[in-house]
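Asker: One structure coming up, written as structure tokens, with questions to follow.
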There are 2 protein chains.
Amino acid sequence: MILDILEGNTTHPSANDIHKTVVTKYPTTSFSTVYNTLEMLTNVGELDKICILGNVIKYEPNTDPHAHLLCKKCNRIIDIFEPYYAKPSIRKIKQFPHTIEKVQEFLYCTCASCLKGRQGKKLA
Amino acid sequence: MILDILEGNTTHPSANDIHKTVVTKYPTTSFSTVYNTLEMLTNVGELDKICILGNVIKYEPNTDPHAHLLCKKCNRIIDIFEPYYAKPSIRKIKQFPHTIEKVQEFLYCTCASCLKGRQGKKLA
DNA sequence: TTGTAAATAAGAATCATTGCCAATTATGTT
DNA sequence: AACATAATTGGCAATGATTCTTATTTACAA
Ligand SMILES: [Mn+2]
Ligand SMILES: [Mn+2]
Ligand SMILES: [Zn+2]
Ligand SMILES: [Zn+2]
């Protein structure tokens, strides 16, 4: 069920978010099981973790390379698949001539909605 | 003194690291003061915060744009100033045609030392 | 059916960070 | 100097996400 929740989900939910959804169908599910399952799915490569500046860890079902746009005003996280940012994992660095396994790119800005003054409630 | 500790420091120390150094000279310094000072210095643009996958927040005195190479084996964080990664803040994205204020790029790999099997103790 | 291994739930423990407030220190004014 | 007032600080409690522990339940196989 946790995989189903995350499949196609672009909201980057936290363990708490996922737990809230799981308990609607399996009310006794514990945080341990949610964390254990998310850890296992991460280890087998189904999920990525992303962590923005000391906040909670978010779980990312989309393991295709993409960047994240972070709105300081509303805390929303928006996927960015612009070609400019795509496929960074094949890059090499001269000083460290070995392959980079994973790249995370976070772009801080004020999102389009917030710029127009029509953002919703600030997310946790 | 906190600014002095961080000036030219490329180890990306945590609040705890900084506190440990401060108390050698000012033994009564509290965590509150360390955190408050770091927050203030961040707000005035002297420092950046970086947070790697749910670990503690590290403080970055070098606000020039650069990426961070993260070794999964030894947890070391290495600055990358390769031209490829430099000056990302001037980029714009078509979908969100406003300026991006800050970019953080984290590159996960096994560092050169660890590849050669001569890495030191794994850092916290 | 019975024994064993794996998965789970419940809650305690951890620990970085924040919040609170009284005590201390700095600053400015008679 | 003496006082009033504002800002900073230190100590410690509170918070909250994550991890750990352990007993219980479930799955599986002999
Ligand atoms: Mn994403
Ligand atoms: Mn750096
Ligand atoms: Zn926004
Ligand atoms: Zn290493």
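Labeling convention for the structure tokens: chains A, B, ... as they appear, residues from 1 per chain, ligands from 1 in order of appearance.
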Determine which residues of chain B receive a DSSP assignment of helix (DSSP H, G or I), computed from the backbone, and state them as JSON, numbers by chain.
Answerer: {"B": [2, 3, 4, 5, 6, 15, 16, 17, 18, 19, 20, 21, 22, 23, 24, 25, 31, 32, 33, 34, 35, 36, 37, 38, 39, 40, 41, 42, 43, 83, 84, 85, 88, 89, 90, 112, 113, 114, 115]}
Asker: May I have the selected residues written with N, CA and C atoms, as an mmCIF file, in the first residue's frame?
Answerer:
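In the end it all went to again.cif:
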```
data_model
loop_
_atom_site.group_PDB
_atom_site.id
_atom_site.type_symbol
_atom_site.label_atom_id
_atom_site.label_comp_id
_atom_site.auth_asym_id
_atom_site.auth_seq_id
_atom_site.Cartn_x
_atom_site.Cartn_y
_atom_site.Cartn_z
ATOM 1 N N ILE B 2 32.557 33.194 16.606
ATOM 2 C CA ILE B 2 31.931 32.212 15.711
ATOM 3 C C ILE B 2 32.281 32.516 14.266
ATOM 4 N N LEU B 3 32.269 33.794 13.921
ATOM 5 C CA LEU B 3 32.685 34.150 12.565
ATOM 6 C C LEU B 3 34.133 33.746 12.327
ATOM 7 N N ASP B 4 34.990 33.966 13.314
ATOM 8 C CA ASP B 4 36.400 33.597 13.167
ATOM 9 C C ASP B 4 36.560 32.094 12.963
ATOM 10 N N ILE B 5 35.780 31.329 13.734
ATOM 11 C CA ILE B 5 35.858 29.874 13.589
ATOM 12 C C ILE B 5 35.518 29.460 12.175
ATOM 13 N N LEU B 6 34.509 30.123 11.612
ATOM 14 C CA LEU B 6 34.015 29.688 10.309
ATOM 15 C C LEU B 6 34.805 30.280 9.150
ATOM 16 N N ALA B 15 26.402 22.902 14.498
ATOM 17 C CA ALA B 15 26.273 23.769 15.668
ATOM 18 C C ALA B 15 27.034 23.165 16.845
ATOM 19 N N ASN B 16 26.955 21.868 16.968
ATOM 20 C CA ASN B 16 27.671 21.190 18.046
ATOM 21 C C ASN B 16 29.190 21.345 17.902
ATOM 22 N N ASP B 17 29.698 21.158 16.698
ATOM 23 C CA ASP B 17 31.132 21.365 16.450
ATOM 24 C C ASP B 17 31.544 22.772 16.857
ATOM 25 N N ILE B 18 30.755 23.744 16.446
ATOM 26 C CA ILE B 18 31.086 25.137 16.711
ATOM 27 C C ILE B 18 31.040 25.417 18.212
ATOM 28 N N HIS B 19 30.019 24.886 18.861
ATOM 29 C CA HIS B 19 29.912 25.062 20.307
ATOM 30 C C HIS B 19 31.133 24.496 21.017
ATOM 31 N N LYS B 20 31.562 23.321 20.594
ATOM 32 C CA LYS B 20 32.731 22.707 21.232
ATOM 33 C C LYS B 20 33.949 23.627 21.149
ATOM 34 N N THR B 21 34.127 24.271 20.012
ATOM 35 C CA THR B 21 35.269 25.177 19.869
ATOM 36 C C THR B 21 35.079 26.442 20.694
ATOM 37 N N VAL B 22 33.881 26.984 20.682
ATOM 38 C CA VAL B 22 33.644 28.240 21.405
ATOM 39 C C VAL B 22 33.891 28.073 22.902
ATOM 40 N N VAL B 23 33.437 26.966 23.477
ATOM 41 C CA VAL B 23 33.569 26.815 24.926
ATOM 42 C C VAL B 23 35.015 26.662 25.383
ATOM 43 N N THR B 24 35.934 26.337 24.471
ATOM 44 C CA THR B 24 37.328 26.307 24.898
ATOM 45 C C THR B 24 37.797 27.695 25.324
ATOM 46 N N LYS B 25 37.254 28.732 24.707
ATOM 47 C CA LYS B 25 37.646 30.097 25.081
ATOM 48 C C LYS B 25 36.613 30.763 25.991
ATOM 49 N N PHE B 31 24.201 26.669 24.088
ATOM 50 C CA PHE B 31 23.752 26.311 22.741
ATOM 51 C C PHE B 31 22.807 27.364 22.179
ATOM 52 N N SER B 32 21.988 27.936 23.056
ATOM 53 C CA SER B 32 21.079 28.993 22.598
ATOM 54 C C SER B 32 21.841 30.082 21.875
ATOM 55 N N THR B 33 22.906 30.536 22.496
ATOM 56 C CA THR B 33 23.673 31.627 21.906
ATOM 57 C C THR B 33 24.317 31.194 20.593
ATOM 58 N N VAL B 34 24.837 29.976 20.566
ATOM 59 C CA VAL B 34 25.432 29.482 19.326
ATOM 60 C C VAL B 34 24.373 29.431 18.220
ATOM 61 N N TYR B 35 23.239 28.825 18.524
ATOM 62 C CA TYR B 35 22.180 28.731 17.514
ATOM 63 C C TYR B 35 21.679 30.113 17.112
ATOM 64 N N ASN B 36 21.468 30.978 18.105
ATOM 65 C CA ASN B 36 20.985 32.320 17.782
ATOM 66 C C ASN B 36 21.971 33.071 16.898
ATOM 67 N N THR B 37 23.245 32.951 17.230
ATOM 68 C CA THR B 37 24.264 33.652 16.454
ATOM 69 C C THR B 37 24.328 33.096 15.035
ATOM 70 N N LEU B 38 24.301 31.775 14.916
ATOM 71 C CA LEU B 38 24.357 31.166 13.584
ATOM 72 C C LEU B 38 23.133 31.568 12.757
ATOM 73 N N GLU B 39 21.981 31.632 13.417
ATOM 74 C CA GLU B 39 20.765 32.022 12.698
ATOM 75 C C GLU B 39 20.871 33.468 12.223
ATOM 76 N N MET B 40 21.382 34.313 13.119
ATOM 77 C CA MET B 40 21.534 35.728 12.762
ATOM 78 C C MET B 40 22.516 35.883 11.611
ATOM 79 N N LEU B 41 23.636 35.194 11.689
ATOM 80 C CA LEU B 41 24.636 35.296 10.620
ATOM 81 C C LEU B 41 24.084 34.757 9.304
ATOM 82 N N THR B 42 23.235 33.752 9.404
ATOM 83 C CA THR B 42 22.594 33.235 8.192
ATOM 84 C C THR B 42 21.644 34.274 7.610
ATOM 85 N N ASN B 43 20.879 34.913 8.482
ATOM 86 C CA ASN B 43 19.894 35.886 8.006
ATOM 87 C C ASN B 43 20.539 37.105 7.348
ATOM 88 N N PRO B 83 33.842 24.596 -12.965
ATOM 89 C CA PRO B 83 33.077 25.576 -13.729
ATOM 90 C C PRO B 83 31.686 25.070 -14.102
ATOM 91 N N TYR B 84 31.609 23.770 -14.320
ATOM 92 C CA TYR B 84 30.313 23.216 -14.702
ATOM 93 C C TYR B 84 29.235 23.536 -13.680
ATOM 94 N N TYR B 85 29.622 23.623 -12.417
ATOM 95 C CA TYR B 85 28.650 23.823 -11.364
ATOM 96 C C TYR B 85 28.598 25.254 -10.867
ATOM 97 N N PRO B 88 25.360 29.011 -10.499
ATOM 98 C CA PRO B 88 24.052 28.517 -10.918
ATOM 99 C C PRO B 88 22.933 29.501 -10.620
ATOM 100 N N SER B 89 23.196 30.500 -9.774
ATOM 101 C CA SER B 89 22.097 31.345 -9.315
ATOM 102 C C SER B 89 21.561 32.251 -10.419
ATOM 103 N N ILE B 90 22.313 32.383 -11.510
ATOM 104 C CA ILE B 90 21.807 33.253 -12.559
ATOM 105 C C ILE B 90 20.927 32.509 -13.562
ATOM 106 N N ALA B 112 37.653 9.931 -3.495
ATOM 107 C CA ALA B 112 38.906 9.374 -4.009
ATOM 108 C C ALA B 112 39.647 8.581 -2.933
ATOM 109 N N SER B 113 39.703 9.119 -1.713
ATOM 110 C CA SER B 113 40.391 8.419 -0.629
ATOM 111 C C SER B 113 39.756 7.071 -0.349
ATOM 112 N N CYS B 114 38.432 7.052 -0.280
ATOM 113 C CA CYS B 114 37.747 5.803 0.044
ATOM 114 C C CYS B 114 37.890 4.797 -1.096
ATOM 115 N N LEU B 115 37.918 5.271 -2.326
ATOM 116 C CA LEU B 115 38.099 4.368 -3.459
ATOM 117 C C LEU B 115 39.432 3.641 -3.353
#
```
Asker: For the strand (DSSP E) assignment from backbone DSSP, which residues of chain B qualify? Please present them as a VMD selection string.
Answerer: chain B and resid 48 to 51 57 to 60 67 to 71 77 to 80 102 to 109
Asker: I'm after chain A in the frame of chain B: fit it by least squares over all Cα atoms matched in order, and give me the output as a compact mmCIF listing (two decimals) with C-alpha atoms, in the first residue's frame.
Answerer:
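After the write, superposed-v9.txt holds the following:
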```
# COMPACT_ATOMS: atom_id res chain seq x y z
CA MET A 1 34.44 34.36 17.57
CA ILE A 2 31.91 32.22 15.71
CA LEU A 3 32.64 34.17 12.55
CA ASP A 4 36.36 33.64 13.14
CA ILE A 5 35.85 29.91 13.56
CA LEU A 6 33.97 29.71 10.29
CA GLU A 7 36.15 32.11 8.29
CA GLY A 8 38.00 29.99 5.75
CA ASN A 9 36.73 26.80 7.36
CA THR A 10 35.94 24.19 4.71
CA THR A 11 34.85 21.42 7.07
CA HIS A 12 31.18 22.46 7.17
CA PRO A 13 30.87 22.20 10.94
CA SER A 14 27.64 21.60 12.82
CA ALA A 15 26.29 23.74 15.65
CA ASN A 16 27.71 21.17 18.03
CA ASP A 17 31.16 21.37 16.41
CA ILE A 18 31.10 25.14 16.67
CA HIS A 19 29.95 25.04 20.27
CA LYS A 20 32.79 22.70 21.18
CA THR A 21 35.30 25.18 19.79
CA VAL A 22 33.67 28.23 21.36
CA VAL A 23 33.62 26.79 24.87
CA THR A 24 37.40 26.30 24.81
CA LYS A 25 37.67 30.10 25.00
CA TYR A 26 34.31 31.04 26.56
CA PRO A 27 33.40 28.06 28.72
CA THR A 28 29.91 29.20 29.72
CA THR A 29 28.63 29.74 26.18
CA SER A 30 25.28 28.04 25.73
CA PHE A 31 23.82 26.24 22.75
CA SER A 32 21.12 28.90 22.64
CA THR A 33 23.70 31.56 21.93
CA VAL A 34 25.44 29.43 19.33
CA TYR A 35 22.18 28.67 17.55
CA ASN A 36 20.98 32.28 17.84
CA THR A 37 24.24 33.62 16.47
CA LEU A 38 24.32 31.15 13.59
CA GLU A 39 20.73 32.00 12.75
CA MET A 40 21.49 35.71 12.80
CA LEU A 41 24.58 35.29 10.63
CA THR A 42 22.53 33.22 8.22
CA ASN A 43 19.83 35.85 8.04
CA VAL A 44 22.30 38.61 7.20
CA GLY A 45 23.80 36.45 4.46
CA GLU A 46 27.14 35.63 6.09
CA LEU A 47 26.39 31.90 6.25
CA ASP A 48 24.46 29.24 4.43
CA LYS A 49 22.96 26.15 5.97
CA ILE A 50 23.32 22.81 4.33
CA CYS A 51 21.52 19.66 5.36
CA ILE A 52 22.32 16.23 4.02
CA LEU A 53 19.63 13.60 4.24
CA GLY A 54 18.30 13.94 7.72
CA ASN A 55 21.62 14.56 9.38
CA VAL A 56 22.50 17.63 11.35
CA ILE A 57 22.61 21.07 9.79
CA LYS A 58 26.07 22.17 8.70
CA TYR A 59 27.14 25.79 8.49
CA GLU A 60 28.82 27.06 5.39
CA PRO A 61 30.88 30.26 5.52
CA ASN A 62 31.56 30.22 1.80
CA THR A 63 28.54 31.76 0.12
CA ASP A 64 30.10 31.60 -3.34
CA PRO A 65 28.14 29.20 -5.51
CA HIS A 66 29.63 25.74 -5.31
CA ALA A 67 28.45 22.16 -5.16
CA HIS A 68 29.11 19.56 -2.48
CA LEU A 69 30.51 16.13 -3.06
CA LEU A 70 29.25 13.70 -0.43
CA CYS A 71 31.09 10.48 0.27
CA LYS A 72 28.71 7.73 1.39
CA LYS A 73 31.58 5.77 2.91
CA CYS A 74 33.28 8.36 5.13
CA ASN A 75 30.54 11.02 5.24
CA ARG A 76 33.03 13.69 4.23
CA ILE A 77 31.77 16.78 2.43
CA ILE A 78 34.04 18.17 -0.25
CA ASP A 79 33.61 21.52 -1.99
CA ILE A 80 33.38 21.44 -5.75
CA PHE A 81 34.09 24.63 -7.67
CA GLU A 82 34.23 23.07 -11.13
CA PRO A 83 33.13 25.60 -13.73
CA TYR A 84 30.36 23.23 -14.68
CA TYR A 85 28.68 23.86 -11.36
CA ALA A 86 29.60 27.49 -10.85
CA LYS A 87 27.28 30.48 -10.80
CA PRO A 88 24.04 28.53 -10.95
CA SER A 89 22.10 31.33 -9.28
CA ILE A 90 21.76 33.29 -12.48
CA ARG A 91 19.97 30.48 -14.25
CA LYS A 92 16.32 30.84 -15.09
CA ILE A 93 13.78 28.15 -15.73
CA LYS A 94 11.31 28.44 -18.57
CA GLN A 95 8.30 27.21 -16.61
CA PHE A 96 9.10 29.53 -13.73
CA PRO A 97 10.56 32.58 -15.37
CA HIS A 98 11.67 34.30 -12.21
CA THR A 99 15.15 34.34 -10.76
CA ILE A 100 16.29 31.57 -8.52
CA GLU A 101 17.73 32.97 -5.32
CA LYS A 102 19.91 30.11 -4.26
CA VAL A 103 20.95 26.72 -5.59
CA GLN A 104 22.21 23.75 -3.65
CA GLU A 105 23.71 20.81 -5.44
CA PHE A 106 24.71 17.60 -3.68
CA LEU A 107 26.71 14.96 -5.52
CA TYR A 108 26.73 11.53 -3.92
CA CYS A 109 29.72 9.32 -4.62
CA THR A 110 32.55 7.41 -3.01
CA CYS A 111 35.41 9.83 -2.51
CA ALA A 112 38.89 9.32 -3.96
CA SER A 113 40.37 8.37 -0.58
CA CYS A 114 37.72 5.77 0.11
CA LEU A 115 38.06 4.32 -3.37
CA LYS A 116 41.73 3.71 -2.64
CA GLY A 117 40.81 2.09 0.65
CA ARG A 118 42.59 4.68 2.72
CA GLN A 119 39.79 6.69 4.24
CA GLY A 120 39.98 7.58 7.89
CA LYS A 121 37.40 7.03 10.55
CA LYS A 122 33.83 7.47 9.42
CA LEU A 123 32.68 10.90 10.50
CA ALA A 124 29.51 11.41 12.50
```
Asker: Based on only C-alpha atoms (C1' of nucleotides), which of the residues in chain D come within 9 Å of chain A? I want them as an NGL selection string.
Answerer: :D and (17-19)
Asker: With 9 Å as the limit and counting only C-alpha atoms (C1' of nucleotides), what residues in chain C lie close to chain B? Please list them as a list in words.
Answerer: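 Listed by rising number, the hits are DA16, DT17 and DT18 of chain C.
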Asker: How would the residues just chosen look if you wrote them out with N, CA, C and O atoms (P, O5', C5', C4', C3', O3' and C1' of nucleotides) as a PDB file, in the first residue's frame?
Answerer:
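Full text of part07.pdb as output:
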```pdb
ATOM      1  P    DA C  16      22.790  15.346  18.420  1.00  0.00           P
ATOM      2  O5'  DA C  16      22.379  16.474  17.355  1.00  0.00           O
ATOM      3  C5'  DA C  16      21.803  16.042  16.148  1.00  0.00           C
ATOM      4  C4'  DA C  16      20.697  17.003  15.762  1.00  0.00           C
ATOM      5  C3'  DA C  16      21.099  18.475  15.788  1.00  0.00           C
ATOM      6  O3'  DA C  16      20.595  19.109  14.630  1.00  0.00           O
ATOM      7  C1'  DA C  16      19.208  18.124  17.184  1.00  0.00           C
ATOM      8  P    DT C  17      20.936  20.629  14.338  1.00  0.00           P
ATOM      9  O5'  DT C  17      19.694  21.386  14.969  1.00  0.00           O
ATOM     10  C5'  DT C  17      18.404  21.156  14.408  1.00  0.00           C
ATOM     11  C4'  DT C  17      17.343  21.784  15.289  1.00  0.00           C
ATOM     12  C3'  DT C  17      17.476  23.300  15.508  1.00  0.00           C
ATOM     13  O3'  DT C  17      16.405  23.910  14.803  1.00  0.00           O
ATOM     14  C1'  DT C  17      16.827  22.143  17.487  1.00  0.00           C
ATOM     15  P    DT C  18      16.234  25.505  14.879  1.00  0.00           P
ATOM     16  O5'  DT C  18      15.175  25.703  16.067  1.00  0.00           O
ATOM     17  C5'  DT C  18      14.071  24.859  16.138  1.00  0.00           C
ATOM     18  C4'  DT C  18      13.191  25.211  17.319  1.00  0.00           C
ATOM     19  C3'  DT C  18      13.011  26.704  17.571  1.00  0.00           C
ATOM     20  O3'  DT C  18      11.626  26.929  17.679  1.00  0.00           O
ATOM     21  C1'  DT C  18      13.697  25.594  19.559  1.00  0.00           C
TER      22       DT C  18
END
```
